[in-house]
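> Enclosed is the structure file structure-v2.pdb (PDB, C-alpha atoms).
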```pdb
MODEL        1
ATOM      1  CA  MET A   1     134.678 -47.407 196.339
ATOM      2  CA  GLY A   2     133.260 -47.756 192.848
ATOM      3  CA  VAL A   3     133.224 -50.957 190.821
ATOM      4  CA  VAL A   4     136.287 -51.480 188.625
ATOM      5  CA  VAL A   5     135.164 -52.197 185.067
ATOM      6  CA  ASN A   6     137.501 -54.000 182.675
ATOM      7  CA  THR A   7     136.663 -53.772 178.985
ATOM      8  CA  GLY A   8     139.554 -56.016 177.872
ATOM      9  CA  LEU A   9     142.947 -55.589 179.491
ATOM     10  CA  THR A  10     145.972 -55.696 177.254
ATOM     11  CA  SER A  11     149.370 -56.846 178.505
ATOM     12  CA  GLN A  12     150.667 -53.294 178.004
ATOM     13  CA  ALA A  13     147.901 -51.947 180.243
ATOM     14  CA  ILE A  14     148.684 -54.523 182.931
ATOM     15  CA  ILE A  15     152.412 -53.719 182.830
ATOM     16  CA  GLY A  16     151.685 -49.988 182.939
ATOM     17  CA  ARG A  17     149.468 -50.452 185.986
ATOM     18  CA  PHE A  18     152.192 -52.521 187.665
ATOM     19  CA  PHE A  19     154.828 -49.797 187.303
ATOM     20  CA  ARG A  20     152.467 -47.050 188.464
ATOM     21  CA  ARG A  21     151.604 -48.997 191.582
ATOM     22  CA  LEU A  22     155.231 -49.997 192.104
ATOM     23  CA  GLU A  23     156.219 -46.324 192.228
ATOM     24  CA  GLU A  24     153.422 -45.492 194.648
ATOM     25  CA  PHE A  25     154.259 -48.348 197.006
ATOM     26  CA  ALA A  26     158.010 -47.610 196.836
ATOM     27  CA  ASP A  27     157.441 -43.967 197.797
ATOM     28  CA  ALA A  28     155.663 -45.123 200.963
ATOM     29  CA  ALA A  29     158.098 -47.905 201.917
ATOM     30  CA  TRP A  30     160.124 -47.221 205.070
ATOM     31  CA  TRP A  31     163.362 -48.691 203.689
ATOM     32  CA  THR A  32     163.850 -45.621 201.496
ATOM     33  CA  ARG A  33     164.453 -43.523 204.635
ATOM     34  CA  LEU A  34     166.988 -45.922 206.142
ATOM     35  CA  ALA A  35     169.149 -46.935 203.194
ATOM     36  CA  MET A  36     171.631 -45.155 200.959
ATOM     37  CA  ARG A  37     170.823 -46.201 197.407
ATOM     38  CA  PHE A  38     173.605 -46.994 194.935
ATOM     39  CA  ALA A  39     173.695 -48.285 191.375
ATOM     40  CA  SER A  40     175.739 -51.461 190.918
ATOM     41  CA  THR A  41     177.555 -52.539 187.766
ATOM     42  CA  GLN A  42     178.933 -55.946 188.758
ATOM     43  CA  GLU A  43     178.330 -59.076 190.778
ATOM     44  CA  SER A  44     179.416 -57.412 194.027
ATOM     45  CA  GLU A  45     180.411 -53.950 195.186
ATOM     46  CA  THR A  46     182.908 -52.855 197.835
ATOM     47  CA  TYR A  47     182.140 -49.630 199.695
ATOM     48  CA  ARG A  48     185.044 -47.806 201.273
ATOM     49  CA  TRP A  49     184.385 -45.437 204.161
ATOM     50  CA  LEU A  50     187.284 -43.022 204.270
ATOM     51  CA  GLY A  51     186.813 -41.366 207.623
ATOM     52  CA  MET A  52     185.873 -37.745 208.136
ATOM     53  CA  VAL A  53     187.415 -34.608 206.693
ATOM     54  CA  PRO A  54     189.938 -33.057 209.142
ATOM     55  CA  GLN A  55     188.627 -30.393 211.497
ATOM     56  CA  VAL A  56     189.375 -26.777 210.562
ATOM     57  CA  ARG A  57     192.463 -25.447 212.409
ATOM     58  CA  GLU A  58     194.344 -22.204 212.627
ATOM     59  CA  TRP A  59     197.042 -22.094 209.958
ATOM     60  CA  VAL A  60     200.222 -22.094 211.991
ATOM     61  CA  GLY A  61     203.304 -23.167 210.067
ATOM     62  CA  GLY A  62     202.628 -25.415 207.085
ATOM     63  CA  ARG A  63     199.594 -27.477 206.276
ATOM     64  CA  GLN A  64     199.063 -30.539 208.445
ATOM     65  CA  ILE A  65     198.054 -33.323 206.097
ATOM     66  CA  ARG A  66     196.092 -36.155 207.639
ATOM     67  CA  PRO A  67     195.596 -39.221 205.423
ATOM     68  CA  LEU A  68     192.090 -40.580 205.154
ATOM     69  CA  ARG A  69     191.440 -43.972 206.742
ATOM     70  CA  SER A  70     190.148 -46.709 204.435
ATOM     71  CA  GLN A  71     187.681 -49.362 205.596
ATOM     72  CA  GLY A  72     184.949 -51.059 203.665
ATOM     73  CA  VAL A  73     182.260 -53.667 203.249
ATOM     74  CA  THR A  74     181.491 -55.868 200.247
ATOM     75  CA  ILE A  75     177.895 -56.603 199.217
ATOM     76  CA  ALA A  76     177.073 -59.336 196.671
ATOM     77  CA  ASN A  77     174.016 -58.935 194.456
ATOM     78  CA  LYS A  78     171.270 -61.565 194.254
ATOM     79  CA  VAL A  79     168.665 -62.267 191.590
ATOM     80  CA  TRP A  80     165.006 -62.036 192.668
ATOM     81  CA  GLU A  81     161.760 -62.917 190.883
ATOM     82  CA  SER A  82     158.000 -63.099 191.307
ATOM     83  CA  THR A  83     155.649 -64.622 188.719
ATOM     84  CA  ILE A  84     151.894 -65.007 188.250
ATOM     85  CA  ARG A  85     149.824 -66.803 185.613
ATOM     86  CA  VAL A  86     146.242 -66.136 184.562
ATOM     87  CA  ASP A  87     143.933 -67.954 182.211
ATOM     88  CA  ALA A  88     143.643 -66.033 178.919
ATOM     89  CA  ASP A  89     139.851 -66.345 178.899
ATOM     90  CA  GLU A  90     139.692 -65.378 182.574
ATOM     91  CA  ARG A  91     141.589 -62.204 181.762
ATOM     92  CA  ARG A  92     139.276 -61.461 178.847
ATOM     93  CA  ARG A  93     136.149 -62.014 180.926
ATOM     94  CA  ASP A  94     137.343 -60.208 184.054
ATOM     95  CA  LYS A  95     134.862 -57.412 184.785
ATOM     96  CA  SER A  96     135.571 -56.916 188.484
ATOM     97  CA  GLY A  97     139.255 -56.042 188.354
ATOM     98  CA  GLN A  98     140.478 -59.223 190.051
ATOM     99  CA  ILE A  99     143.526 -59.444 187.798
ATOM    100  CA  LEU A 100     144.487 -55.850 188.494
ATOM    101  CA  ILE A 101     144.159 -56.568 192.198
ATOM    102  CA  ARG A 102     146.688 -59.383 191.801
ATOM    103  CA  VAL A 103     148.977 -57.116 189.787
ATOM    104  CA  ASN A 104     148.725 -54.421 192.464
ATOM    105  CA  GLU A 105     149.616 -56.954 195.138
ATOM    106  CA  MET A 106     152.649 -58.101 193.160
ATOM    107  CA  ALA A 107     153.756 -54.468 192.858
ATOM    108  CA  ARG A 108     153.378 -54.019 196.617
ATOM    109  CA  ARG A 109     155.444 -57.116 197.352
ATOM    110  CA  VAL A 110     158.219 -56.044 194.974
ATOM    111  CA  ALA A 111     158.322 -52.459 196.294
ATOM    112  CA  THR A 112     158.512 -53.573 199.927
ATOM    113  CA  HIS A 113     160.966 -56.434 199.386
ATOM    114  CA  PRO A 114     163.858 -54.223 200.622
ATOM    115  CA  ASN A 115     161.908 -53.879 203.904
ATOM    116  CA  ARG A 116     162.453 -57.615 204.368
ATOM    117  CA  LEU A 117     166.136 -57.383 203.462
ATOM    118  CA  LEU A 118     166.752 -54.589 205.982
ATOM    119  CA  THR A 119     164.762 -56.438 208.656
ATOM    120  CA  ASP A 120     166.984 -59.481 208.159
ATOM    121  CA  LEU A 121     170.018 -57.237 208.673
ATOM    122  CA  LEU A 122     168.500 -55.876 211.886
ATOM    123  CA  LEU A 123     167.830 -59.342 213.251
ATOM    124  CA  THR A 124     171.458 -60.396 212.691
ATOM    125  CA  GLY A 125     172.948 -57.026 213.616
ATOM    126  CA  ALA A 126     174.326 -58.255 216.942
ATOM    127  CA  THR A 127     176.481 -60.896 215.213
ATOM    128  CA  GLU A 128     177.124 -59.774 211.620
ATOM    129  CA  THR A 129     179.966 -57.302 211.149
ATOM    130  CA  ALA A 130     179.869 -53.699 209.984
ATOM    131  CA  TYR A 131     182.608 -51.969 207.987
ATOM    132  CA  ASP A 132     184.830 -51.521 211.073
ATOM    133  CA  GLY A 133     185.033 -55.267 211.751
ATOM    134  CA  GLN A 134     182.788 -55.139 214.831
ATOM    135  CA  ALA A 135     179.232 -56.444 214.995
ATOM    136  CA  TYR A 136     176.872 -53.845 213.566
ATOM    137  CA  PHE A 137     175.219 -53.468 216.985
ATOM    138  CA  SER A 138     178.225 -53.512 219.313
ATOM    139  CA  SER A 139     179.562 -51.937 222.495
ATOM    140  CA  SER A 140     183.124 -52.023 221.129
ATOM    141  CA  HIS A 141     183.157 -49.725 218.104
ATOM    142  CA  SER A 142     186.369 -47.692 217.838
ATOM    143  CA  GLU A 143     187.837 -45.684 214.971
ATOM    144  CA  GLY A 144     190.884 -43.429 215.095
ATOM    145  CA  ASP A 145     190.419 -40.888 217.889
ATOM    146  CA  SER A 146     186.790 -41.779 218.654
ATOM    147  CA  GLY A 147     187.488 -43.906 221.694
ATOM    148  CA  THR A 148     185.317 -46.944 222.423
ATOM    149  CA  GLN A 149     181.657 -46.343 221.532
ATOM    150  CA  SER A 150     178.488 -48.401 221.811
ATOM    151  CA  ASN A 151     175.393 -48.441 219.616
ATOM    152  CA  SER A 152     173.910 -51.270 221.665
ATOM    153  CA  ILE A 153     172.630 -50.060 225.027
ATOM    154  CA  THR A 154     170.347 -51.352 227.785
ATOM    155  CA  PHE A 155     167.490 -49.672 229.617
ATOM    156  CA  ASP A 156     165.763 -50.780 232.818
ATOM    157  CA  ALA A 157     162.129 -51.843 232.583
ATOM    158  CA  SER A 158     159.811 -53.459 235.093
ATOM    159  CA  THR A 159     158.962 -56.118 232.480
ATOM    160  CA  THR A 160     161.422 -56.469 229.597
ATOM    161  CA  THR A 161     158.800 -57.767 227.160
ATOM    162  CA  ALA A 162     156.121 -55.242 228.138
ATOM    163  CA  PRO A 163     157.606 -51.827 228.984
ATOM    164  CA  THR A 164     155.296 -49.128 230.247
ATOM    165  CA  ALA A 165     154.651 -46.020 228.168
ATOM    166  CA  ASP A 166     156.909 -43.961 230.457
ATOM    167  CA  GLU A 167     159.694 -46.541 230.174
ATOM    168  CA  MET A 168     159.307 -46.619 226.400
ATOM    169  CA  HIS A 169     159.431 -42.836 226.249
ATOM    170  CA  GLU A 170     162.635 -42.634 228.269
ATOM    171  CA  ALA A 171     164.216 -45.544 226.369
ATOM    172  CA  ILE A 172     163.587 -43.798 223.036
ATOM    173  CA  ILE A 173     165.253 -40.644 224.364
ATOM    174  CA  ALA A 174     168.194 -42.756 225.574
ATOM    175  CA  GLY A 175     168.625 -44.195 222.068
ATOM    176  CA  MET A 176     168.497 -40.752 220.491
ATOM    177  CA  SER A 177     170.987 -39.395 223.032
ATOM    178  CA  GLN A 178     173.375 -42.249 222.287
ATOM    179  CA  ILE A 179     173.340 -41.414 218.570
ATOM    180  CA  LEU A 180     173.876 -37.724 219.277
ATOM    181  CA  ARG A 181     177.025 -38.377 221.323
ATOM    182  CA  PHE A 182     178.886 -40.485 218.721
ATOM    183  CA  LEU A 183     182.313 -39.174 217.707
ATOM    184  CA  ASP A 184     183.974 -39.612 214.327
ATOM    185  CA  ASP A 185     187.486 -40.986 213.775
ATOM    186  CA  GLN A 186     188.963 -37.594 214.639
ATOM    187  CA  GLY A 187     187.162 -37.234 217.944
ATOM    188  CA  GLU A 188     184.599 -34.734 216.593
ATOM    189  CA  PRO A 189     180.817 -35.001 217.120
ATOM    190  CA  MET A 190     179.369 -36.901 214.169
ATOM    191  CA  ASN A 191     175.645 -36.276 214.660
ATOM    192  CA  GLU A 192     175.513 -32.833 216.226
ATOM    193  CA  SER A 193     173.124 -31.596 213.516
ATOM    194  CA  ALA A 194     170.743 -34.565 213.843
ATOM    195  CA  ARG A 195     167.112 -33.496 214.149
ATOM    196  CA  GLU A 196     165.076 -36.330 212.647
ATOM    197  CA  PHE A 197     164.895 -39.885 213.945
ATOM    198  CA  MET A 198     162.973 -43.080 213.289
ATOM    199  CA  VAL A 199     161.999 -45.632 215.931
ATOM    200  CA  MET A 200     161.345 -49.208 214.835
ATOM    201  CA  VAL A 201     159.576 -51.522 217.253
ATOM    202  CA  PRO A 202     158.249 -55.108 217.202
ATOM    203  CA  LEU A 203     154.473 -55.471 217.390
ATOM    204  CA  PRO A 204     154.377 -56.288 221.144
ATOM    205  CA  PHE A 205     155.643 -52.741 221.803
ATOM    206  CA  LEU A 206     152.958 -51.097 219.666
ATOM    207  CA  SER A 207     150.723 -49.973 222.512
ATOM    208  CA  ALA A 208     153.524 -48.568 224.668
ATOM    209  CA  THR A 209     155.035 -46.751 221.686
ATOM    210  CA  LEU A 210     151.735 -45.191 220.655
ATOM    211  CA  THR A 211     151.175 -43.911 224.167
ATOM    212  CA  ALA A 212     154.769 -42.786 224.658
ATOM    213  CA  LEU A 213     154.707 -40.658 221.508
ATOM    214  CA  SER A 214     151.223 -39.233 221.938
ATOM    215  CA  SER A 215     151.044 -35.588 223.014
ATOM    216  CA  GLN A 216     147.608 -36.357 224.457
ATOM    217  CA  GLN A 217     149.168 -38.832 226.875
ATOM    218  CA  ILE A 218     152.405 -37.013 227.654
ATOM    219  CA  ASP A 219     152.560 -33.258 228.180
ATOM    220  CA  SER A 220     154.153 -31.829 225.016
ATOM    221  CA  SER A 221     155.865 -29.103 227.039
ATOM    222  CA  SER A 222     158.089 -31.772 228.586
ATOM    223  CA  ASN A 223     158.039 -34.266 225.719
ATOM    224  CA  PRO A 224     160.692 -33.647 223.037
ATOM    225  CA  LEU A 225     159.187 -36.460 220.983
ATOM    226  CA  ALA A 226     155.627 -35.131 220.745
ATOM    227  CA  GLY A 227     156.169 -33.342 217.445
ATOM    228  CA  GLU A 228     156.957 -29.891 218.809
ATOM    229  CA  GLY A 229     160.451 -28.729 219.633
ATOM    230  CA  PRO A 230     163.903 -29.429 218.213
ATOM    231  CA  PHE A 231     163.423 -33.074 217.161
ATOM    232  CA  ARG A 232     161.137 -34.817 214.696
ATOM    233  CA  LEU A 233     160.327 -38.467 215.219
ATOM    234  CA  THR A 234     158.596 -41.055 213.067
ATOM    235  CA  TRP A 235     158.008 -44.648 214.054
ATOM    236  CA  ILE A 236     157.398 -48.013 212.424
ATOM    237  CA  ALA A 237     155.808 -51.117 213.962
ATOM    238  CA  ASN A 238     157.563 -53.826 211.954
ATOM    239  CA  PRO A 239     155.646 -57.137 211.890
ATOM    240  CA  ARG A 240     158.732 -58.946 210.544
ATOM    241  CA  LEU A 241     160.751 -58.252 213.692
ATOM    242  CA  THR A 242     160.934 -61.193 216.094
ATOM    243  CA  TRP A 243     162.457 -59.161 218.915
ATOM    244  CA  THR A 244     160.680 -59.451 222.251
ATOM    245  CA  ASP A 245     162.782 -57.178 224.486
ATOM    246  CA  ARG A 246     164.389 -54.573 222.198
ATOM    247  CA  PHE A 247     163.859 -51.948 219.524
ATOM    248  CA  ALA A 248     166.008 -49.691 217.353
ATOM    249  CA  VAL A 249     166.443 -45.947 216.868
ATOM    250  CA  PHE A 250     167.867 -44.424 213.656
ATOM    251  CA  ARG A 251     168.996 -41.036 212.472
ATOM    252  CA  ILE A 252     167.349 -40.345 209.093
ATOM    253  CA  ASP A 253     168.259 -36.758 208.156
ATOM    254  CA  GLY A 254     171.992 -37.070 207.487
ATOM    255  CA  GLU A 255     173.957 -37.602 204.282
ATOM    256  CA  SER A 256     174.813 -41.102 205.528
ATOM    257  CA  ARG A 257     172.290 -43.810 206.354
ATOM    258  CA  PRO A 258     172.310 -46.940 208.553
ATOM    259  CA  PHE A 259     172.043 -49.304 205.557
ATOM    260  CA  ILE A 260     173.007 -49.669 201.907
ATOM    261  CA  PHE A 261     170.704 -50.767 199.103
ATOM    262  CA  GLN A 262     172.447 -51.485 195.823
ATOM    263  CA  GLU A 263     170.685 -52.173 192.550
ATOM    264  CA  GLU A 264     172.348 -53.846 189.583
ATOM    265  CA  LEU A 265     169.156 -54.407 187.599
ATOM    266  CA  PRO A 266     166.012 -52.365 188.354
ATOM    267  CA  VAL A 267     162.689 -54.163 188.382
ATOM    268  CA  GLN A 268     161.767 -55.528 184.954
ATOM    269  CA  VAL A 269     158.497 -57.092 183.825
ATOM    270  CA  GLN A 270     158.556 -59.980 181.365
ATOM    271  CA  ALA A 271     155.246 -61.036 179.815
ATOM    272  CA  LEU A 272     154.135 -64.067 177.850
ATOM    273  CA  ALA A 273     150.781 -62.803 176.670
ATOM    274  CA  GLU A 274     148.921 -62.112 173.410
ATOM    275  CA  GLY A 275     150.224 -64.288 170.599
ATOM    276  CA  SER A 276     152.809 -66.155 172.704
ATOM    277  CA  GLU A 277     153.373 -69.915 172.575
ATOM    278  CA  LEU A 278     152.090 -70.080 176.139
ATOM    279  CA  GLU A 279     148.767 -68.623 175.044
ATOM    280  CA  VAL A 280     148.549 -70.820 171.925
ATOM    281  CA  ASN A 281     149.510 -74.068 173.662
ATOM    282  CA  GLU A 282     148.115 -73.633 177.186
ATOM    283  CA  ASN A 283     145.689 -70.696 176.965
ATOM    284  CA  GLN A 284     147.679 -68.958 179.708
ATOM    285  CA  HIS A 285     149.250 -65.558 180.165
ATOM    286  CA  GLN A 286     152.277 -65.124 182.423
ATOM    287  CA  TYR A 287     153.670 -61.990 184.055
ATOM    288  CA  GLY A 288     156.983 -62.165 185.854
ATOM    289  CA  VAL A 289     159.213 -59.594 187.510
ATOM    290  CA  LYS A 290     162.968 -59.802 187.867
ATOM    291  CA  ALA A 291     165.408 -57.644 189.803
ATOM    292  CA  VAL A 292     169.047 -57.888 190.844
ATOM    293  CA  HIS A 293     169.857 -56.124 194.094
ATOM    294  CA  ALA A 294     171.109 -56.541 197.662
ATOM    295  CA  ALA A 295     171.287 -54.745 200.988
ATOM    296  CA  GLY A 296     174.046 -54.380 203.551
ATOM    297  CA  TYR A 297     175.167 -52.453 206.603
ATOM    298  CA  GLY A 298     176.019 -48.778 206.250
ATOM    299  CA  PHE A 299     176.959 -46.399 209.066
ATOM    300  CA  TRP A 300     176.488 -47.971 212.488
ATOM    301  CA  GLN A 301     176.717 -44.432 213.903
ATOM    302  CA  ASP A 302     173.202 -43.750 212.547
ATOM    303  CA  ALA A 303     171.641 -46.592 214.554
ATOM    304  CA  CYS A 304     171.212 -47.660 218.151
ATOM    305  CA  LEU A 305     169.771 -50.886 219.541
ATOM    306  CA  VAL A 306     167.990 -50.483 222.885
ATOM    307  CA  THR A 307     167.462 -53.655 224.945
ATOM    308  CA  PHE A 308     165.290 -53.687 228.061
ATOM    309  CA  ASN A 309     166.742 -55.420 231.117
TER     310      ASN A 309
ENDMDL
END
```
Would you write the structure of this file as structure tokens?


Amino acid sequence: MGVVVNTGLTSQAIIGRFFRRLEEFADAAWWTRLAMRFASTQESETYRWLGMVPQVREWVGGRQIRPLRSQGVTIANKVWESTIRVDADERRRDKSGQILIRVNEMARRVATHPNRLLTDLLLTGATETAYDGQAYFSSSHSEGDSGTQSNSITFDASTTTAPTADEMHEAIIAGMSQILRFLDDQGEPMNESAREFMVMVPLPFLSATLTALSSQQIDSSSNPLAGEGPFRLTWIANPRLTWTDRFAVFRIDGESRPFIFQEELPVQVQALAEGSELEVNENQHQYGVKAVHAAGYGFWQDACLVTFN
């Protein structure tokens, strides 16, 4: 890597670098594959899930009109900020790019902040309610003609906190199978076209997951998760997860998503720099970001919690 040379950064250049890096980090953040993204125009938003469109039937007699079912969840926005200060002379003298490194790190933290919000939702998913009034991860989901359904299952392991690669492999398939069998409120398969899934594991499961999903370790001819065949699988080792005996599987190729991310105010940068009172009085420059957003539970049918027992 070459040496970064700074010939006098302006505040505009620093802000421009921040937004470029913010976009790059956001494109790589895993939350974008798990959350439906909505614009918000008020303090909170209520999302109404109206059930599924009626199944096609032979036209015998008149039309059979089936009213849509209305359920919802309300998500309240919160205000977020991150701020750094640098000495004005330090910025002027900086020849090694240290300030840009700090700006890049702030961009990374802002872009991945929704990762933290979704992780918090995962950790409370067994107690906090989804739009149907049940806990997000529950064995008692029921809507219309679906019957009772569970997106919280168990799988036997010799050691619940250290599953073997074979146990991890079979547990992942069990989670995928559970998602594939979910029915909508009219008793119709909801995920029959699902082909792409994400597995999220805590760090203690990293080794078993790597081995379980490696075609070098498991014969790809009998491994539907090895990259060949009808399903595509990506995985995330999430260091924020405090789980010790469980992991989660998600469907990520549908119109719906397991979570909601709503944004009232996109990320803004506010600078007190050249010519400001802060520079005149304290010889400091300040760069702060502000955003107004929140995350909440989306479709529980796109997620399954697998607990080893």

> What would the list of residues within 9 Å of (150.4, -67.7, 189.0) (file frame) look like as a list in words, if only C-alpha atoms are what count?

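Within the cut-off we find Thr83, Ile84, Arg85, Val86, Gln286 and Tyr287 of chain A.
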
> Anything within 10 Å of (175.1, -34.4, 210.4): list those residues as an MDAnalysis selection string, counting all atoms listed in the file and sticking to the file's coordinates.

chainID A and resid 180 189:195 251:256 302

> Would you kindly return, as number ranges by chain, each protein, DNA or RNA residue with an atom no farther than 12 Å from any atom of Ala294 in chain A, considering all atoms listed in the file and excluding same-chain residues fewer than 2 positions away?

A: 35-40, 42-45, 74-80, 113-118, 120-121, 259-266, 291-292, 296-297

> For Glu128 in chain A, which residue out of A:Gly61, A:Phe18, A:Glu277, A:Val73 is the nearest one, using all atoms listed in the file?

A:Val73

> From the set A:Phe308, A:Phe25, A:Tyr131, A:Trp31, which residue has the shortest atom-to-atom contact distance to Val110 in chain A, counting all atoms listed in the file?

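Closest to Val110 in chain A of all the choices is A:Phe25.
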
> Figure out the distance between CA of Phe247 in chain A and CA of Met200 in chain A, please, to one decimal in Å.

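Taking CA of Met200 in chain A as the start and CA of Phe247 in chain A as the end point, the length is 6.0 Å.
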
> Taking only C-alpha atoms into account, which of A:Ser11, A:Gln270, A:Asn151, A:Asn283 comes nearest Phe299 in chain A?

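That would be A:Asn151, the residue with the smallest distance to Phe299 in chain A.
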
> Restricting the calculation to only C-alpha atoms, which member of A:Gln284, A:Gln301, A:Thr112, A:Ser146 is positioned closest to Trp30 in chain A?

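The answer is A:Thr112, which sits nearest to Trp30 in chain A.
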
> Residues near Asn309 in chain A, anyone? I mean within 7 Å using only C-alpha atoms, not counting same-chain ones fewer than 2 positions away, as a PyMOL selection string.

chain A and resi 154-157+160+307

> Grab the CA of Thr159 in chain A to CA of Thr244 in chain A distance for me, in Å with one decimal place.

10.9 Å

> Tell me which protein, DNA and RNA residues are within 8 Å of Leu123 in chain A, counting only C-alpha atoms, leaving out same-chain ones fewer than 4 positions away, and put them as a VMD selection string.

chain A and resid 119 241 to 243

> Go through A:Thr10, A:Ser139, A:Thr129, A:Gln268 one by one, measure the shortest atom-to-atom distance of each to Gln178 in chain A using only C-alpha atoms, and give the residue with the smallest value.

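Of the candidates, the smallest distance to Gln178 in chain A is held by A:Ser139.
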